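One structure is given here, and the rest of the page talks about it.
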Amino acid sequence: MPTTRITWRARTWLAVAGVILGSLVAASPAVGASPAGGRAGDSGPVVGTSDGAVRGLANGALDEFLGIPYAAPPVGALRWQPPQPAAGWSGVRDATQVGPHCPQPASPFGVASTSENCLFLNVFTPSGRRARQHSPVMVWIHGGALVTGESDDYLPTKLVQDGVTVVTINYRLGALGFLAHPALADAKGQSGDYGLMDQQAALRWVRQNIARFGGDPRNVTVFGESAGGLSTLSQVASPQARGLFEKAIVESGSYNLTQASLSSAESAGEAFAAKAGCASQTAACLRSLPVSTILADEDAAGYTPNINTEVLPESLGTAFATGNFNRVPIINGTNRDEWRLFVAISELEGNPVTAANYQSMISSTLGVPSTAAAVIAGEYPLSAFPSPSIALGAVGTDALFACPALSIDQSVSHFVPTFAYEFNDENAPEEFLPPVSFPYGAAHASEIQYLMDLPAATFPATFSVAQQQLATTMQGYWTNFAKRGFPSSFGSPFWQPFHDVGQRMQSLIPPAPQTETDFATTHNCAFWAALAAAA
């Protein structure tokens with residue numbers, strides 16, 4: 001069983017989680033756009049860009065420049081094309097409101113979008129031009145299974161207060177961002193991965209413009225969580241992204257290290273076209289489809305990048321193992337109980353894990369036959385866990401996140417400075433889902449709140465003193481890494497680089513992180529490697 005490739009069931013749950021984590025916040029007011037966020041009009045800071053001047057908001061310790069277009073609207077003939085340059089403007093453009101987020105499906109959790117004019121970014125800088133001179137730059141790629149989410153779900157106040165400039169971006173999602181189809185192929189016969197190309201266009205905009213905001217265009221760190229983490233890994237592996245960033249931070253992005261071939265992805269695209277009413281299988285028909293039809297007929301299980309010689313010449317796992325990637329320092333990590341979030345979603349949908357369905361749930365989660373599920377259930381017996389839900393959470397965490405993350409660490413550490421972590425706060429607040437029959441633990445996405453504010457979380461919580469101490473340390477790790485390529489600083493718990501011998505990781509646990517060396521044993525990685533080899 002290839003544990004580095006996420007399954008249909010797993011991607012379905014990731015997509016649902018992405019709706020929760022993305023669409024819940026989408027219904028909230030725009031970050032920095034409220035009267036409390038600063039005054040608009042003629043009083044905000046003005047910065048010139050290559051396309052024209054923008055006026056932002058002075059918001060306390062931050063200057064915010066919101067809704068800046070980094071590429072032309074990908075509409076009409078530009079749908080399913082590489083991003084094109086944005087049109088310039090005269091005068092001063094208002095940058096006090098975030099732009100529309102990219103099309104994504106309706107959900108009971110928030111307001112959906114059908115606006116293809118969505119390629120916008122936001123810049124957050126230390127307030128005052130003098131304070132933000134030559135600050136390191138961090139570019140955040142949001143998660144959401146590549147089908148949901150938007151740039152304005154995250155407010156990086158504390159990171160910026162640590163002396164960095166943060167850029168958050170939208171990028172095309174779902175079929176509009178990741179559909180491959182022969183009729184859409186370029187002159188070299190390549191299609192798909194348009195969302196990754198958008199991310200690269202945003203990074204090129206940063207290279208060209210961020211110095212005008214006080215950021216250092218030669219000290220850029222790309223970082224993201226979940227699908228944003230997978231996107232970050234994809235940019236590390238993409239020849240087209242070479243030279244666009246100096247460092248990378250991957251949060252829970254290891255769940256898909258084997259990408260679909262171009263032919264396989266294009267076959268799926270042809271099935272989509274037929275379902276959407278394009279029996280002709282022509283680009284003209286596809287580009288004439290209403291956004292609502294595309295959203296209704298796209299793969300609700302989520303999308304992943306496909307092999308495309310211009311963007312991703314080979315699968316991520318292969319690129320990292322052979323050294324064929326952009327060699328930048330990397331932080332890579334996972335959360336101790338990643339899969340419990342998805343088990344909780346299943347329970348909230350009325351499909352809890354029980355002793356009776358445990359093996360069938362293993363089979364559907366991992367996409368394995370019942371015989372393999374029985375072997376896995378023998379390795380993860382219900383008697384060893386407080387509940388069937390906790391047991392399945394361990395199975396999904398180890399197979400889909402933890403052990404693939406370890407394989408990344410083992411590969412890239414042979415070529416670049418690598419810092420591995422496990423987020424281990426078992427009492428981390430769950431800000432997006434209501435209580436369920438088992439504790440969430442350190443679930444998927446629970447580390448984000450320790451780094452950035454989530455202003456519209458449905459179940460906001462207050463950190464304990466120990467958790468606040470951990471949050472401060474984590475923020476320092478991330479910004480230190482952006483500044484110098486090394487997360488530790490004087491006064492913070494020392495974070496040792498990862499090496500295959502010893503396999504030292506940083507356990508992010510309150511109040512103070514510490515070194516752990518038993519990650520592979522804790523997550524049973526030898527078992528999963530043997531199971532994969534036998535498949």
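Quick note on naming: the chains in the structure tokens go A, B, ... in the order shown, residues restart at 1 in each chain, and ligands are numbered from 1 in order of appearance.
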
Kindly assemble as CSV a list of the region 122-235 of chain A residues that lie within 8 Å of region 309-323 of chain A, each paired with its nearest atom pair and their distance in Å to one decimal, using only C-alpha atoms, sorted first by chain and then by ascending residue number.
residue,atom,partner,partner_atom,distance
A:Gln190,CA,A:Thr309,CA,7.1
A:Asp193,CA,A:Val311,CA,7.2
A:Leu196,CA,A:Val311,CA,7.8
A:Met197,CA,A:Val311,CA,7.6
A:Leu233,CA,A:Leu316,CA,7.4
A:Ser234,CA,A:Leu316,CA,6.9

Checklist entry - For Asn427 (chain A), which residue out of A:Gly56, A:Gly48, A:Gly163, A:Pro510 is the nearest one, using only C-alpha atoms? => result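 Counting only C-alpha atoms, the residue closest to Asn427 (chain A) is A:Pro510.
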
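You will find CA of Gly243 (chain A) at 12.6 Å from CA of Ala201 (chain A).
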
Item to check | Separation of CA of Gly144 (chain A) from CA of Ala301 (chain A), in Å and rounded to one decimal | outcome: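 The value is 11.1 Å.
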
Item to check | Non-local contacts of Cys278 (chain A) (12 Å; only C-alpha atoms; under 3 positions in same chain excluded) as a list in words | outcome: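 Contacts, in chain order: His181, Ala183, Gly269, Glu270, Ala271, Phe272, Ala273, Ala274, Lys275, Gln281, Thr282, Ala283, Ala284, Cys285, Leu286, Arg287, Ser288, Leu289, Pro290, Thr293, Ile294 and Asp297 of chain A.
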
Checklist entry - Pick from A:Gly367, A:Pro497, A:Pro381, A:Gly88: nearest to Ala355 (chain A), with only C-alpha atoms counted? => result A:Pro381

Item to check | For Leu121 (chain A): contacts at 12 Å, only C-alpha atoms, fewer than 4 positions along chain excluded, given as a PyMOL selection string | outcome: chain A and resi 64-71+95-102+139-142+150-152+166-171+198-199+201-203+205-206+210

Item to check | strand (DSSP E) call set, DSSP backbone run, region 237-480 of chain A, as a PyMOL selection string | outcome: chain A and resi 247-251+330-335+418-423

Checklist entry - Among region 228-436 of chain A, which residues carry a DSSP assignment of helix (DSSP H, G or I), reported as a ChimeraX atom specification? => result /A:228-237,239-241,262-276,283-288,291-297,316-322,340-348,358-366,370-379,382-384,388-412

Checklist entry - Quick one: distance from CA of Thr157 (chain A) to CA of Phe459 (chain A) in Å, one decimal? => result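 CA of Thr157 (chain A) sits 20.1 Å away from CA of Phe459 (chain A).
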
Item to check | Arg242 (chain A) surroundings by only C-alpha atoms, 9 Å radius, close-in-sequence under 3 positions cut, as a list in words | outcome: Gln235, Val236, Ala237, Ser238, Pro239, Phe245, Phe325, Asn326 and Arg327 of chain A

Checklist outcome for this item: Min atom-atom distance to Gln104 (chain A) from the set A:Val395, A:Val137, A:Ala175, A:Ala187, counting only C-alpha atoms, belongs to A:Ala175
